[in-house]
$ cat final-v6.pdb   # PDB, C-alpha atoms and all ligand atoms
ATOM      1  CA  MET A   7      11.772  -7.084  36.021  1.00  0.00           C
ATOM      2  CA  PRO A   8      12.013 -10.753  37.139  1.00  0.00           C
ATOM      3  CA  GLN A   9      14.075 -12.959  34.868  1.00  0.00           C
ATOM      4  CA  GLY A  10      12.029 -14.493  32.080  1.00  0.00           C
ATOM      5  CA  ALA A  11       9.112 -12.071  32.556  1.00  0.00           C
ATOM      6  CA  SER A  12       7.869 -10.168  29.492  1.00  0.00           C
ATOM      7  CA  PRO A  13       7.431  -6.400  29.640  1.00  0.00           C
ATOM      8  CA  PRO A  14       3.775  -5.343  30.039  1.00  0.00           C
ATOM      9  CA  LEU A  15       2.048  -4.527  26.783  1.00  0.00           C
ATOM     10  CA  HIS A  16       0.945  -0.987  26.182  1.00  0.00           C
ATOM     11  CA  PRO A  17      -2.887  -1.002  26.437  1.00  0.00           C
ATOM     12  CA  LEU A  18      -3.155   0.057  22.797  1.00  0.00           C
ATOM     13  CA  ALA A  19      -0.609  -2.440  21.495  1.00  0.00           C
ATOM     14  CA  CYS A  20      -1.686  -5.586  19.658  1.00  0.00           C
ATOM     15  CA  SER A  21      -0.626  -8.730  21.496  1.00  0.00           C
ATOM     16  CA  VAL A  22      -0.587 -10.624  18.193  1.00  0.00           C
ATOM     17  CA  PRO A  23       1.808  -9.513  15.470  1.00  0.00           C
ATOM     18  CA  PRO A  24       0.051  -8.233  12.364  1.00  0.00           C
ATOM     19  CA  PRO A  25      -0.454 -11.029   9.892  1.00  0.00           C
ATOM     20  CA  ARG A  26       1.470 -11.093   6.674  1.00  0.00           C
ATOM     21  CA  LEU A  27      -0.134 -11.551   3.323  1.00  0.00           C
ATOM     22  CA  LYS A  28       2.556 -13.915   2.165  1.00  0.00           C
ATOM     23  CA  GLU A  29       2.166 -17.673   2.109  1.00  0.00           C
ATOM     24  CA  ASN A  30       4.883 -19.873   3.598  1.00  0.00           C
ATOM     25  CA  ARG A  31       5.972 -21.196   0.245  1.00  0.00           C
ATOM     26  CA  SER A  32       6.559 -19.136  -2.867  1.00  0.00           C
ATOM     27  CA  LEU A  33       4.207 -19.734  -5.784  1.00  0.00           C
ATOM     28  CA  GLY A  34       5.482 -20.921  -9.151  1.00  0.00           C
ATOM     29  CA  MET A  35       5.045 -18.398 -11.986  1.00  0.00           C
ATOM     30  CA  GLY A  36       2.138 -20.316 -13.548  1.00  0.00           C
ATOM     31  CA  GLU A  37       0.384 -20.755 -10.224  1.00  0.00           C
ATOM     32  CA  ALA A  38       0.856 -17.093  -9.331  1.00  0.00           C
ATOM     33  CA  LYS A  39      -0.542 -15.943 -12.681  1.00  0.00           C
ATOM     34  CA  GLU A  40      -3.503 -18.296 -12.337  1.00  0.00           C
ATOM     35  CA  LYS A  41      -4.308 -16.827  -8.902  1.00  0.00           C
ATOM     36  CA  MET A  42      -3.911 -13.293 -10.254  1.00  0.00           C
ATOM     37  CA  ASP A  43      -6.243 -13.934 -13.239  1.00  0.00           C
ATOM     38  CA  LEU A  44      -8.834 -15.422 -10.894  1.00  0.00           C
ATOM     39  CA  ALA A  45      -8.627 -12.429  -8.563  1.00  0.00           C
ATOM     40  CA  MET A  46      -8.931  -9.914 -11.396  1.00  0.00           C
ATOM     41  CA  GLY A  47     -11.933 -11.635 -13.035  1.00  0.00           C
ATOM     42  CA  GLU A  48     -13.307  -9.784 -16.038  1.00  0.00           C
ATOM     43  CA  GLU A  49     -12.693  -6.370 -14.534  1.00  0.00           C
ATOM     44  CA  LYS A  50     -11.222  -3.641 -16.723  1.00  0.00           C
ATOM     45  CA  VAL A  51      -8.274  -2.542 -14.625  1.00  0.00           C
ATOM     46  CA  GLU A  52      -8.005   0.957 -16.095  1.00  0.00           C
ATOM     47  CA  ASP A  53     -11.544   1.816 -14.972  1.00  0.00           C
ATOM     48  CA  VAL A  54     -10.924   1.361 -11.268  1.00  0.00           C
ATOM     49  CA  GLY A  55     -11.439   4.448  -9.089  1.00  0.00           C
ATOM     50  CA  LEU A  56     -10.193   5.433  -5.646  1.00  0.00           C
ATOM     51  CA  LYS A  57     -13.502   4.642  -3.925  1.00  0.00           C
ATOM     52  CA  GLU A  58     -13.608   1.209  -5.512  1.00  0.00           C
ATOM     53  CA  LEU A  59     -10.042   0.493  -4.443  1.00  0.00           C
ATOM     54  CA  SER A  60     -10.885   1.581  -0.885  1.00  0.00           C
ATOM     55  CA  LYS A  61     -13.900  -0.735  -0.902  1.00  0.00           C
ATOM     56  CA  LYS A  62     -11.743  -3.639  -2.093  1.00  0.00           C
ATOM     57  CA  LEU A  63      -9.284  -2.941   0.719  1.00  0.00           C
ATOM     58  CA  GLN A  64     -12.114  -2.868   3.246  1.00  0.00           C
ATOM     59  CA  GLU A  65     -13.361  -6.234   1.976  1.00  0.00           C
ATOM     60  CA  PHE A  66      -9.810  -7.632   1.953  1.00  0.00           C
ATOM     61  CA  ALA A  67      -9.380  -6.720   5.635  1.00  0.00           C
ATOM     62  CA  GLU A  68     -12.855  -7.973   6.590  1.00  0.00           C
ATOM     63  CA  GLU A  69     -12.415 -11.330   4.871  1.00  0.00           C
ATOM     64  CA  ARG A  70      -9.221 -11.963   6.863  1.00  0.00           C
ATOM     65  CA  ASP A  71     -10.464 -10.456  10.125  1.00  0.00           C
ATOM     66  CA  TRP A  72      -7.612  -7.945   9.861  1.00  0.00           C
ATOM     67  CA  GLU A  73      -9.668  -4.847  10.665  1.00  0.00           C
ATOM     68  CA  LYS A  74      -8.350  -4.931  14.226  1.00  0.00           C
ATOM     69  CA  TYR A  75      -4.836  -4.364  12.884  1.00  0.00           C
ATOM     70  CA  HIS A  76      -5.837  -1.551  10.551  1.00  0.00           C
ATOM     71  CA  SER A  77      -5.634   1.278  13.062  1.00  0.00           C
ATOM     72  CA  PRO A  78      -4.516   4.720  11.835  1.00  0.00           C
ATOM     73  CA  ARG A  79      -1.089   4.363  13.460  1.00  0.00           C
ATOM     74  CA  ASN A  80      -0.469   0.835  12.164  1.00  0.00           C
ATOM     75  CA  LEU A  81      -1.494   1.834   8.663  1.00  0.00           C
ATOM     76  CA  LEU A  82       0.716   4.917   8.742  1.00  0.00           C
ATOM     77  CA  LEU A  83       3.715   2.839   9.859  1.00  0.00           C
ATOM     78  CA  ALA A  84       2.970   0.186   7.244  1.00  0.00           C
ATOM     79  CA  MET A  85       2.801   2.895   4.581  1.00  0.00           C
ATOM     80  CA  VAL A  86       6.114   4.421   5.678  1.00  0.00           C
ATOM     81  CA  GLY A  87       7.654   0.928   5.570  1.00  0.00           C
ATOM     82  CA  GLU A  88       6.469   0.563   1.987  1.00  0.00           C
ATOM     83  CA  VAL A  89       7.894   4.003   1.136  1.00  0.00           C
ATOM     84  CA  GLY A  90      11.207   2.585   2.379  1.00  0.00           C
ATOM     85  CA  GLU A  91      10.844  -0.439   0.085  1.00  0.00           C
ATOM     86  CA  LEU A  92      10.017   1.923  -2.785  1.00  0.00           C
ATOM     87  CA  SER A  93      13.100   4.025  -2.035  1.00  0.00           C
ATOM     88  CA  GLU A  94      15.302   0.924  -2.047  1.00  0.00           C
ATOM     89  CA  ILE A  95      14.488   0.404  -5.724  1.00  0.00           C
ATOM     90  CA  PHE A  96      16.076   3.765  -6.565  1.00  0.00           C
ATOM     91  CA  MET A  97      18.843   3.537  -4.019  1.00  0.00           C
ATOM     92  CA  TRP A  98      22.414   3.923  -5.355  1.00  0.00           C
ATOM     93  CA  LYS A  99      21.195   4.106  -8.942  1.00  0.00           C
ATOM     94  CA  GLY A 100      22.006   7.777  -9.482  1.00  0.00           C
ATOM     95  CA  GLU A 101      19.543   9.843 -11.533  1.00  0.00           C
ATOM     96  CA  VAL A 102      17.034   7.755 -13.439  1.00  0.00           C
ATOM     97  CA  ALA A 103      15.670   8.764 -16.875  1.00  0.00           C
ATOM     98  CA  LYS A 104      11.924   9.442 -17.159  1.00  0.00           C
ATOM     99  CA  GLY A 105      10.008   6.407 -18.386  1.00  0.00           C
ATOM    100  CA  LEU A 106      12.800   4.165 -17.059  1.00  0.00           C
ATOM    101  CA  PRO A 107      14.039   3.268 -20.592  1.00  0.00           C
ATOM    102  CA  ASN A 108      16.907   1.039 -19.453  1.00  0.00           C
ATOM    103  CA  TRP A 109      15.066  -0.933 -16.806  1.00  0.00           C
ATOM    104  CA  GLU A 110      14.227  -4.624 -17.031  1.00  0.00           C
ATOM    105  CA  GLU A 111      10.494  -5.384 -17.208  1.00  0.00           C
ATOM    106  CA  SER A 112      10.785  -7.305 -13.931  1.00  0.00           C
ATOM    107  CA  ASP A 113      12.239  -4.209 -12.208  1.00  0.00           C
ATOM    108  CA  LYS A 114       9.387  -2.063 -13.551  1.00  0.00           C
ATOM    109  CA  GLU A 115       6.904  -4.630 -12.291  1.00  0.00           C
ATOM    110  CA  HIS A 116       8.539  -4.551  -8.867  1.00  0.00           C
ATOM    111  CA  LEU A 117       8.320  -0.729  -8.912  1.00  0.00           C
ATOM    112  CA  GLY A 118       4.613  -0.961  -9.758  1.00  0.00           C
ATOM    113  CA  GLU A 119       4.069  -3.272  -6.790  1.00  0.00           C
ATOM    114  CA  GLU A 120       5.833  -1.028  -4.303  1.00  0.00           C
ATOM    115  CA  LEU A 121       4.029   2.079  -5.621  1.00  0.00           C
ATOM    116  CA  SER A 122       0.778   0.159  -5.215  1.00  0.00           C
ATOM    117  CA  ASP A 123       1.575  -0.857  -1.637  1.00  0.00           C
ATOM    118  CA  VAL A 124       2.113   2.818  -0.743  1.00  0.00           C
ATOM    119  CA  LEU A 125      -1.099   3.850  -2.515  1.00  0.00           C
ATOM    120  CA  LEU A 126      -3.156   1.059  -0.968  1.00  0.00           C
ATOM    121  CA  TYR A 127      -2.010   1.799   2.585  1.00  0.00           C
ATOM    122  CA  LEU A 128      -2.608   5.515   1.956  1.00  0.00           C
ATOM    123  CA  LEU A 129      -6.151   4.830   0.739  1.00  0.00           C
ATOM    124  CA  ARG A 130      -6.838   2.525   3.675  1.00  0.00           C
ATOM    125  CA  LEU A 131      -5.441   5.105   6.111  1.00  0.00           C
ATOM    126  CA  ALA A 132      -7.629   7.844   4.647  1.00  0.00           C
ATOM    127  CA  ASP A 133     -10.674   5.575   4.770  1.00  0.00           C
ATOM    128  CA  ILE A 134     -10.096   4.488   8.354  1.00  0.00           C
ATOM    129  CA  CYS A 135      -9.661   8.165   9.343  1.00  0.00           C
ATOM    130  CA  GLY A 136     -12.956   9.068   7.646  1.00  0.00           C
ATOM    131  CA  ILE A 137     -11.281  11.199   4.984  1.00  0.00           C
ATOM    132  CA  ASP A 138     -12.729  11.207   1.469  1.00  0.00           C
ATOM    133  CA  ILE A 139      -9.339  11.246  -0.236  1.00  0.00           C
ATOM    134  CA  ALA A 140     -10.688  11.893  -3.757  1.00  0.00           C
ATOM    135  CA  GLU A 141     -12.513  14.994  -2.509  1.00  0.00           C
ATOM    136  CA  ALA A 142      -9.603  16.109  -0.302  1.00  0.00           C
ATOM    137  CA  ALA A 143      -7.061  15.710  -3.120  1.00  0.00           C
ATOM    138  CA  THR A 144      -9.277  17.539  -5.623  1.00  0.00           C
ATOM    139  CA  LYS A 145      -9.702  20.443  -3.196  1.00  0.00           C
ATOM    140  CA  LYS A 146      -5.957  20.447  -2.556  1.00  0.00           C
ATOM    141  CA  ILE A 147      -5.182  20.734  -6.280  1.00  0.00           C
ATOM    142  CA  VAL A 148      -7.440  23.816  -6.427  1.00  0.00           C
ATOM    143  CA  LYS A 149      -5.712  25.254  -3.362  1.00  0.00           C
ATOM    144  CA  ASN A 150      -2.287  24.594  -4.927  1.00  0.00           C
ATOM    145  CA  ALA A 151      -3.337  26.387  -8.119  1.00  0.00           C
ATOM    146  CA  ILE A 152      -4.358  29.466  -6.125  1.00  0.00           C
ATOM    147  CA  LYS A 153      -1.096  29.442  -4.200  1.00  0.00           C
ATOM    148  CA  TYR A 154       1.009  28.888  -7.336  1.00  0.00           C
ATOM    149  CA  PRO A 155      -0.804  30.681 -10.218  1.00  0.00           C
ATOM    150  CA  SER A 156      -0.284  29.412 -13.763  1.00  0.00           C
ATOM    151  CA  LYS A 157       2.266  31.274 -15.880  1.00  0.00           C
ATOM    152  CA  LYS A 158       0.295  30.411 -19.051  1.00  0.00           C
ATOM    153  CA  VAL A 159      -2.402  33.094 -19.679  1.00  0.00           C
TER
HETATM  154  N1  LIG B   1      -1.895  -6.415   7.723  1.00  0.00           N
HETATM  155  C1  LIG B   1      -1.840  -6.236   6.375  1.00  0.00           C
HETATM  156  C2  LIG B   1      -0.794  -6.791   5.620  1.00  0.00           C
HETATM  157  C3  LIG B   1      -0.761  -6.569   4.250  1.00  0.00           C
HETATM  158  N2  LIG B   1      -1.722  -5.828   3.661  1.00  0.00           N
HETATM  159  C4  LIG B   1      -1.696  -5.563   2.211  1.00  0.00           C
HETATM  160  C5  LIG B   1      -1.463  -4.094   1.869  1.00  0.00           C
HETATM  161  C6  LIG B   1      -0.218  -4.088   1.007  1.00  0.00           C
HETATM  162  O1  LIG B   1      -0.611  -3.817  -0.365  1.00  0.00           O
HETATM  163  C7  LIG B   1       0.361  -5.480   1.068  1.00  0.00           C
HETATM  164  C8  LIG B   1       1.626  -5.534   1.875  1.00  0.00           C
HETATM  165  O2  LIG B   1       1.986  -6.872   1.997  1.00  0.00           O
HETATM  166  P1  LIG B   1       3.365  -7.320   2.684  1.00  0.00           P
HETATM  167  O3  LIG B   1       3.408  -6.841   4.084  1.00  0.00           O
HETATM  168  O4  LIG B   1       3.499  -8.782   2.430  1.00  0.00           O
HETATM  169  O5  LIG B   1       4.475  -6.467   1.908  1.00  0.00           O
HETATM  170  P2  LIG B   1       5.115  -6.692   0.466  1.00  0.00           P
HETATM  171  O6  LIG B   1       4.073  -7.124  -0.506  1.00  0.00           O
HETATM  172  O7  LIG B   1       5.859  -5.405   0.174  1.00  0.00           O
HETATM  173  O8  LIG B   1       6.140  -7.895   0.666  1.00  0.00           O
HETATM  174  P3  LIG B   1       7.694  -7.764   1.041  1.00  0.00           P
HETATM  175  O9  LIG B   1       7.760  -6.918   2.281  1.00  0.00           O
HETATM  176  O10 LIG B   1       8.132  -9.177   1.242  1.00  0.00           O
HETATM  177  O11 LIG B   1       8.345  -7.090  -0.146  1.00  0.00           O
HETATM  178  O12 LIG B   1      -0.661  -6.312   1.633  1.00  0.00           O
HETATM  179  C9  LIG B   1      -2.751  -5.307   4.412  1.00  0.00           C
HETATM  180  O13 LIG B   1      -3.644  -4.647   3.863  1.00  0.00           O
HETATM  181  N3  LIG B   1      -2.779  -5.501   5.769  1.00  0.00           N
END
$ encode --input "final-v6.pdb" --output "structure tokens"
Amino acid sequence: MPQGASPPLHPLACSVPPPRLKENRSLGMGEAKEKMDLAMGEEKVEDVGLKELSKKLQEFAEERDWEKYHSPRNLLLAMVGEVGELSEIFMWKGEVAKGLPNWEESDKEHLGEELSDVLLYLLRLADICGIDIAEAATKKIVKNAIKYPSKKV
């Protein structure tokens, strides 16, 4: 290849790196909370379902013109990356007690964020692949129960 020339892009590769959600500056705590409260509105968080989350993700991508980046392969890789970030939280800690009794609140919050990133990319991946994940997971639980029968009655 001539000096200074860039390698040709694979026809399926994006020529623009996927955008990041982050802003260039970090938000102060008050500012971040204000943004979060605005985004959540009056919604009761515990009532949210998988379909609603998928719809929110669809809207999130649309509003930023990010749909072109949300290909199955990109989403899978993004999800695996987030699984790595999730693993880092547990790395070198040894066994961790259920309920994480000795963890700082900030560490639990961080864990919640990384778990959410994995879930959100998983939901988006399922959606973009045309898989109804709620239906698929429900069927899979039934299949698991047949394969591994209950020991209780
Ligand atoms: N192209 C993109 C980029 C981000 N996201 C959404 C899905 C994830 O929930 C979250 C991931 O954002 P970041 O890539 O900024 O990752 P983190 O939030 O983990 O930040 P960091 O890697 O700094 O810990 O944003 C998305 O849907 N599509």
$ residues_around --input "final-v6.pdb" --residues "Ala143 (chain A)" --least-positions-apart "5" --cutoff "12 Å" --atoms "only C-alpha atoms" --output "PyMOL selection string"
chain A and resi 56+129+132+137-138+148-150
$ atom_distance --input "final-v6.pdb" --atom1 "CA of Tyr127 (chain A)" --atom2 "atom O12 of ligand LIG 1 (chain B)"
8.3 Å
$ residues_near_ligand --input "final-v6.pdb" --ligand "ligand LIG 1 (chain B)" --cutoff "10 Å" --atoms "all atoms listed in the file" --output "number ranges by chain"
A: 23-29, 63-64, 66-67, 70-76, 80-81, 84-85, 87-92, 116, 119-128, 130
$ closest_residue --input "final-v6.pdb" --among "A:Val86, A:Val51, A:Ile95, A:Leu131" --to "Lys114 (chain A)" --atoms "all atoms listed in the file"
A:Ile95
$ atom_distance --input "final-v6.pdb" --atom1 "CA of Ile134 (chain A)" --atom2 "CA of Val54 (chain A)"
19.9 Å
$ atom_distance --input "final-v6.pdb" --atom1 "CA of Thr144 (chain A)" --atom2 "CA of Lys57 (chain A)"
13.7 Å
$ axis_aligned_box --input "final-v6.pdb" --around "region 77-92 of chain A" --padding-each-side "3 Å" --output "AutoDock Vina command-line options"
--center_x 2.8 --center_y 2.2 --center_z 5.3 --size_x 22.8 --size_y 11.4 --size_z 22.2
$ closest_residue --input "final-v6.pdb" --among "A:Glu115, A:Glu52, A:Leu59, A:Cys135" --to "Ser77 (chain A)" --atoms "all atoms listed in the file"
A:Cys135
